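Undergrad: So that we are looking at the same thing, I have put the structure below in structure tokens.
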Amino acid sequence: PMLGGPAGLWWSNLTGILFFHGGNIVSCLDFYLHTPPGADKKKGWLFHGNLPVTAMWVYQAATWFLVTSNFLACSFNGATWAPLAAIPSPPVYICQFSGGFLLLFGSIIYTVWCDGFRNFSHPPLA
């Protein structure tokens, strides 16, 4: 197959999650160095203005799990030592489920912050 099989090229999943993870790290660092408007470092993680910061940290935790699972299961182009763990092995699927649930949790935090659960209808743009 032209794209390397049902999971794509051997490097594509790992590369994608590394870019996502790198972006989350940069965002968390930026939030730390430059407090976003509405946020207050003196208030807790659950203060409404701090919810985007909290959600980004949850996303970063999620991508740590996903980077780990992808690294463990990556074939590294058929290297003799790879993969470090088979996809159905507990370390891989525990990291996959943990990362997936944390992404869901981070998305819920963002949705609470923007009041997305309260109003599903929007007036048409003029």
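FYI, nothing fancy with the structure tokens labels: chains A, B, ... in order, residues from 1 per chain, ligands from 1 as they appear.
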If we count only C-alpha atoms, what is near A:Leu51 at a cut-off of 8 Å, once residues fewer than 6 positions away on the same chain are taken out, given as a CSV table (one decimal) with N, CA and C atoms, in the first residue's frame?

TA:
```csv
chain,number,residue,atom,x,y,z
A,45,TRP,N,-7.3,26.7,40.4
A,45,TRP,CA,-7.3,26.1,39.0
A,45,TRP,C,-8.7,26.1,38.4
A,109,ILE,N,-13.6,20.9,30.0
A,109,ILE,CA,-13.3,22.1,30.7
A,109,ILE,C,-13.4,23.4,29.8
A,110,TYR,N,-12.9,23.3,28.6
A,110,TYR,CA,-13.0,24.4,27.6
A,110,TYR,C,-14.4,24.7,27.3
A,113,TRP,N,-15.9,26.6,30.2
A,113,TRP,CA,-15.4,27.9,30.2
A,113,TRP,C,-16.1,28.8,29.2
```

Undergrad: Looking at only C-alpha atoms, which of A:Leu14, A:Val58, A:Leu66, A:Val53 is the one that sits closest to A:Pro36?

TA: A:Val53

Undergrad: Report, in Å to a single decimal, how far apart atom CA of A:Ser107 and atom CA of A:Pro123 are.

TA: 23.8 Å

Undergrad: Find the spatial neighbours of A:Thr111, counting only C-alpha atoms, within a cut-off of 12 Å - ignore same-chain residues fewer than 4 positions away - and output them as a PDB file with C-alpha atoms, in the first residue's frame.

TA:
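Saved result, result-v9.pdb, follows:
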```pdb
ATOM      1  CA  HIS A  48     -13.548  30.612  35.684  1.00  0.00           C
ATOM      2  CA  LEU A  51     -10.176  27.311  33.078  1.00  0.00           C
ATOM      3  CA  PRO A  52      -8.329  27.712  29.728  1.00  0.00           C
ATOM      4  CA  ALA A  55      -7.616  22.727  30.251  1.00  0.00           C
ATOM      5  CA  LEU A 104     -12.124  14.521  26.614  1.00  0.00           C
ATOM      6  CA  PHE A 105     -11.842  16.024  30.101  1.00  0.00           C
ATOM      7  CA  GLY A 106      -9.813  18.987  28.777  1.00  0.00           C
ATOM      8  CA  SER A 107     -12.408  19.567  26.065  1.00  0.00           C
ATOM      9  CA  ASP A 115     -20.527  28.248  28.359  1.00  0.00           C
ATOM     10  CA  GLY A 116     -21.019  25.759  25.560  1.00  0.00           C
ATOM     11  CA  PHE A 117     -23.310  23.451  27.514  1.00  0.00           C
ATOM     12  CA  ARG A 118     -25.869  26.169  28.263  1.00  0.00           C
ATOM     13  CA  ASN A 119     -26.732  27.510  24.838  1.00  0.00           C
ATOM     14  CA  PHE A 120     -26.799  25.299  21.757  1.00  0.00           C
TER      15      PHE A 120
END
```

Undergrad: I'd like the neighbourhood of stretch 73-89 of chain A as number ranges by chain, where a residue qualifies if any of its atoms comes within 9 Å (using only C-alpha atoms), though same-chain residues fewer than 4 positions away should be ignored.

TA: A: 9-11, 13-14, 68-69, 93-94
